[in-house]
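The structure appears below as C-alpha cells.
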Amino acid sequence: MKEIKEFNWSKATKPPLEEYFPADKLDRARYATFLSRLLAQEGFDLNRPEGTQKKNYVLNLNAEWGAGKTYFLKRWSRELIVDFPVVYIDAWQQDYSDDPFLTVIAGIIKQLQFQAKFNITIPKSAVSMFKAVAPAIAQGLTKKISGIDLDELHTLLFSDEEIDSDQNQNSNKPTSSDFSPAVKALAQNLIKDHEAKNKSIKVIKSKLDDWVSKFEKQEGKSLPIFIFIDELDRCRPSYAVEMLETIKHIFDVKGIVFVVATDTGQLQHTIKSIYGEGFDAKVYLGRFFNSRYSLKRPVLKDFLSVHSDTTKFESGYLESKNIELLPRTETPETALANISVVLDAFHIQPRTAIQITERITAIIANLPSGKKVDVLVLAILFCIYEKDHPLYEEIISGRFQRKEPDNKGDIQNINLSTFLQKNILKEHLSAELTYFIDPQSYTPDFYDENLGRKKNNYSDGKYPIIFSKFIDDIFCEIFFKKRLFAITTMISSTAGGSEKKLNRVEQQLASNSVKICEKATTLWLNYIYIKDGYGEITKDQYRDFIELSSPLDYMGDS
C-alpha cells in the first residue's frame, strides 16, 4: 500500500502549473489525510488473505451546506492523483442526463485515459443502448400518456407464480393475441432493452476489473481507484436515487473506492419526496454506503472569510468611498470575526450567516459619501429580524416592554439588555469583540475641569470588549433608554449639550488608567459615538438599513 504523507493546504496553489485552490481556511487538509489512509487500505491491502486484498468501498462524505465539500473533494482528488487513479464527477452538472450510469462511465473513461499507460475503451456495443432511449420505447412512453393500459402491459410481462399449472390451464388468463399491438410492441422492447442492458453491464464490469488489474501493475500508480461523486444532494430527486443505485449495483468492482459527498440530511428529504414522508430515508441510505464521515461545522469566522466579500471591510475601499464603519479593524478578517461573535451568539445557521453578512456588505456598498454605520448594531438587528420578527418590530419602533416576576413574585419591568442576554449562552456573552482604536487621531489631550487640559497618553491598538458589555452599553442605549447618561439622549442634544457630554467622557478617560482594557474600550466607544456622530444614527435609519437589504437572499455559489 502506498504511504500517504500529511497534506499541507495552508497556501494557495500556483497556476498555471497546477489547478488553483485558495489556502485552506477551514483546516480540512488533516481530514483528507486521514480519509486517504483509511480508504486506500479499505480498497487495497496486501496484508489481507489472498482473494480479499481488493475491495469495493463506498464512503458517504456528509457535510451541511457551505462546509466546503466541493473545495475539499477537488483539492483532495488533486493530491491523490499523483499516486492513485482518480476520477472526479460533478453529479449536479450532469443531471440533465437521464442516465447516471452513462454519466459515471463517461467520466471514468475520459479521466482515466489521461492517467493510464494502457488502452481505456469500452466496445461501442456495450454502451450504445445507454446513449438514447430506443425509438419504440419512446413511442411506448408517449402512448402511455395517451392511453396504454399499464395493467395490461404488466399482465403481458409477468405471470403469477403462485397459480399452479392446472389453474393456469383452466383460468381465463389472456393470451398474447388478446393484447393491443402497441402494448405488445412496448413489452417486447422493454424485454430486449433489459437483456441488452444486462449484457452491457457484464462487459463494462469486466472492463473495470481489467483496468484495476492493470493499474495494480502500472509503475507510479497504486490501487485503489478513487471515484469522487460531488453535489449529489443538489440533483433532481429521481436522478440522485438512480445514481446511488448505479454505484451500488453496477460499479461494485473490487479495487474501486467511491466517495459520495452530500448534505445527507438534505438527501434524505430528497428521497422522501419520492417515497413519501413516512419512508425511512436514513435506513434506505444505509444500504448504499459502507460508512459515513461527517465534516464538522466550520468555525463561523473562517466560514465567512471563505464565502463573503471581504473587500467592503478594507480600509482602502472605505477611504475611496469616504465612509466610516464601527468597529474599525486592521483587517477584513477581524471585521468578520466580530460579526461571527454576534451570529454565534444568536445560533445563526451557516446559510443565514452568509445572507446577513451579504446584507451588511450591501449596506456598506450603498452608503453615501460621508456617512457611517455601526456594523455590529446591524448584525444584532439582522439576527433578531431573522429569529424573532415581532421582537425586532418592538425594538426598532421603541415599543419594547416586558414584565416578569422577581424572586418575591412581584411583577417588575425587565429591560432590553436583560431580556436579550437571558437567551444567550454565557460562553457567547463572554466572547470578545475587537476594535482598532488610534486615540491620538481623535484628540491630543482631554478636558479636565480641575486641570483644564490633560495630555492623551493612550496608545493605539486592539481594544477589547465582551459581547454582553456591547449589548448593555452600546446596542441597548440606542434602542432602550435605561439610564440617565445614555447615548439616546445624545442623539437629540443640542450642539452645546453634545459638547458637555463629550467633556464628561473626556474627564472619565483622563482619570482612567491608560492601559488597553475593556473599561477603556467602553469609554472610547462613548467618545467616538459622540465625536464622530454615530449616536446621531436614528432607529428609523437603522430600520431603513435592515428592511431595504433584507429581501436580498444568498442562493449559493454558482
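Every chain in the C-alpha cells has a letter given in the order shown (A, B, ...), and although residue numbers restart at 1 in each chain, ligands are simply numbered from 1 in the order shown.
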
Find the spatial neighbours of Phe258 in chain A, counting only C-alpha atoms, within a cut-off of 8 Å - ignore same-chain residues fewer than 3 positions away - and output them as a PDB file with all heavy atoms, in the first residue's frame.
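As written to disk, part.pdb reads:
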ATOM      1  N   TYR A  57     -15.516  -0.190  -1.945  1.00  0.00           N
ATOM      2  CA  TYR A  57     -15.876   0.541  -0.722  1.00  0.00           C
ATOM      3  C   TYR A  57     -16.549   1.849  -1.116  1.00  0.00           C
ATOM      4  O   TYR A  57     -16.107   2.538  -2.045  1.00  0.00           O
ATOM      5  CB  TYR A  57     -14.620   0.828   0.103  1.00  0.00           C
ATOM      6  CG  TYR A  57     -14.889   1.188   1.545  1.00  0.00           C
ATOM      7  CD1 TYR A  57     -14.983   0.187   2.515  1.00  0.00           C
ATOM      8  CD2 TYR A  57     -15.036   2.508   1.946  1.00  0.00           C
ATOM      9  CE1 TYR A  57     -15.215   0.504   3.851  1.00  0.00           C
ATOM     10  CE2 TYR A  57     -15.281   2.833   3.278  1.00  0.00           C
ATOM     11  CZ  TYR A  57     -15.360   1.826   4.218  1.00  0.00           C
ATOM     12  OH  TYR A  57     -15.601   2.141   5.543  1.00  0.00           O
ATOM     13  N   VAL A  58     -17.637   2.196  -0.426  1.00  0.00           N
ATOM     14  CA  VAL A  58     -18.368   3.434  -0.712  1.00  0.00           C
ATOM     15  C   VAL A  58     -18.490   4.241   0.574  1.00  0.00           C
ATOM     16  O   VAL A  58     -19.083   3.797   1.558  1.00  0.00           O
ATOM     17  CB  VAL A  58     -19.773   3.154  -1.288  1.00  0.00           C
ATOM     18  CG1 VAL A  58     -20.458   4.469  -1.662  1.00  0.00           C
ATOM     19  CG2 VAL A  58     -19.695   2.236  -2.503  1.00  0.00           C
ATOM     20  N   LEU A  59     -17.909   5.439   0.561  1.00  0.00           N
ATOM     21  CA  LEU A  59     -17.953   6.341   1.711  1.00  0.00           C
ATOM     22  C   LEU A  59     -18.895   7.500   1.419  1.00  0.00           C
ATOM     23  O   LEU A  59     -18.820   8.117   0.352  1.00  0.00           O
ATOM     24  CB  LEU A  59     -16.557   6.894   2.011  1.00  0.00           C
ATOM     25  CG  LEU A  59     -16.479   7.974   3.104  1.00  0.00           C
ATOM     26  CD1 LEU A  59     -16.588   7.335   4.493  1.00  0.00           C
ATOM     27  CD2 LEU A  59     -15.190   8.789   3.002  1.00  0.00           C
ATOM     28  N   PHE A 226      -9.829   5.807  -7.042  1.00  0.00           N
ATOM     29  CA  PHE A 226     -10.730   6.687  -6.289  1.00  0.00           C
ATOM     30  C   PHE A 226     -11.701   7.362  -7.255  1.00  0.00           C
ATOM     31  O   PHE A 226     -11.277   7.976  -8.236  1.00  0.00           O
ATOM     32  CB  PHE A 226      -9.939   7.766  -5.552  1.00  0.00           C
ATOM     33  CG  PHE A 226      -9.223   7.292  -4.323  1.00  0.00           C
ATOM     34  CD1 PHE A 226      -7.960   6.721  -4.421  1.00  0.00           C
ATOM     35  CD2 PHE A 226      -9.798   7.420  -3.068  1.00  0.00           C
ATOM     36  CE1 PHE A 226      -7.279   6.288  -3.293  1.00  0.00           C
ATOM     37  CE2 PHE A 226      -9.129   6.993  -1.926  1.00  0.00           C
ATOM     38  CZ  PHE A 226      -7.870   6.424  -2.036  1.00  0.00           C
ATOM     39  N   ILE A 227     -12.994   7.253  -6.967  1.00  0.00           N
ATOM     40  CA  ILE A 227     -14.009   7.941  -7.767  1.00  0.00           C
ATOM     41  C   ILE A 227     -14.810   8.850  -6.832  1.00  0.00           C
ATOM     42  O   ILE A 227     -15.478   8.377  -5.908  1.00  0.00           O
ATOM     43  CB  ILE A 227     -14.939   6.962  -8.491  1.00  0.00           C
ATOM     44  CG1 ILE A 227     -14.115   6.057  -9.428  1.00  0.00           C
ATOM     45  CG2 ILE A 227     -16.003   7.726  -9.282  1.00  0.00           C
ATOM     46  CD1 ILE A 227     -14.930   5.009 -10.153  1.00  0.00           C
ATOM     47  N   PHE A 228     -14.734  10.159  -7.079  1.00  0.00           N
ATOM     48  CA  PHE A 228     -15.422  11.146  -6.254  1.00  0.00           C
ATOM     49  C   PHE A 228     -16.697  11.600  -6.954  1.00  0.00           C
ATOM     50  O   PHE A 228     -16.656  12.035  -8.110  1.00  0.00           O
ATOM     51  CB  PHE A 228     -14.521  12.361  -6.006  1.00  0.00           C
ATOM     52  CG  PHE A 228     -13.291  12.055  -5.192  1.00  0.00           C
ATOM     53  CD1 PHE A 228     -12.102  11.691  -5.804  1.00  0.00           C
ATOM     54  CD2 PHE A 228     -13.328  12.126  -3.812  1.00  0.00           C
ATOM     55  CE1 PHE A 228     -10.968  11.408  -5.056  1.00  0.00           C
ATOM     56  CE2 PHE A 228     -12.201  11.850  -3.045  1.00  0.00           C
ATOM     57  CZ  PHE A 228     -11.020  11.486  -3.666  1.00  0.00           C
ATOM     58  N   ILE A 229     -17.817  11.516  -6.247  1.00  0.00           N
ATOM     59  CA  ILE A 229     -19.108  11.990  -6.764  1.00  0.00           C
ATOM     60  C   ILE A 229     -19.529  13.175  -5.908  1.00  0.00           C
ATOM     61  O   ILE A 229     -19.797  13.040  -4.710  1.00  0.00           O
ATOM     62  CB  ILE A 229     -20.200  10.902  -6.707  1.00  0.00           C
ATOM     63  CG1 ILE A 229     -19.730   9.606  -7.381  1.00  0.00           C
ATOM     64  CG2 ILE A 229     -21.495  11.416  -7.327  1.00  0.00           C
ATOM     65  CD1 ILE A 229     -19.576   9.685  -8.865  1.00  0.00           C
TER      66      ILE A 229
END

Q: Would you list the contacts of Thr329 in chain A as a PyMOL selection string, taking every protein, DNA or RNA residue within 10 Å and counting only C-alpha atoms, but skipping same-chain residues closer than 4 positions in sequence?
A: chain A and resi 313-315+325+333-336+338+434-437+461-462

Output file for the selection above: C-alpha atoms, as a short mmCIF file (atom, residue, chain, number, x, y, z; two decimals), in the first residue's frame:
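The resulting file, again.cif, is shown below:
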data_model
loop_
_atom_site.label_atom_id
_atom_site.label_comp_id
_atom_site.auth_asym_id
_atom_site.auth_seq_id
_atom_site.Cartn_x
_atom_site.Cartn_y
_atom_site.Cartn_z
CA PHE A 313 -14.22 45.97 5.06
CA GLU A 314 -10.83 47.03 3.73
CA SER A 315 -9.58 50.47 4.75
CA LEU A 325 -17.59 51.84 9.97
CA GLU A 333 -10.77 39.05 8.85
CA THR A 334 -11.13 40.87 12.18
CA ALA A 335 -14.31 42.55 10.95
CA LEU A 336 -15.78 39.16 10.03
CA ASN A 338 -16.57 40.43 15.15
CA THR A 434 -12.08 43.75 18.88
CA TYR A 435 -11.78 47.42 17.88
CA PHE A 436 -8.70 49.04 16.45
CA ILE A 437 -8.56 52.48 18.09
CA GLY A 461 -4.01 49.11 19.39
CA LYS A 462 -6.69 46.42 19.60
#

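Take CA of Tyr542 in chain A and CA of Leu367 in chain A: the distance between them is 12.4 Å.
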
Q. Can you tell me, as a list in words, what residues are no more than 10 Å from Gln412 in chain A when counting only C-alpha atoms, ignoring any on the same chain fewer than 6 positions away?
A. Arg402, Lys403, Glu404, Pro405 and Asp406 of chain A

Q) Which residues come within 8 Å of Thr357 in chain A, counting only C-alpha atoms, excluding same-chain residues fewer than 5 positions away, as number ranges by chain? A) A: 304, 308, 339, 379

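For the choices A:Thr13, A:Thr264, A:Ala353, A:Ile478, the atom-to-atom distance to Arg292 in chain A is smallest for A:Thr264 when using only C-alpha atoms.
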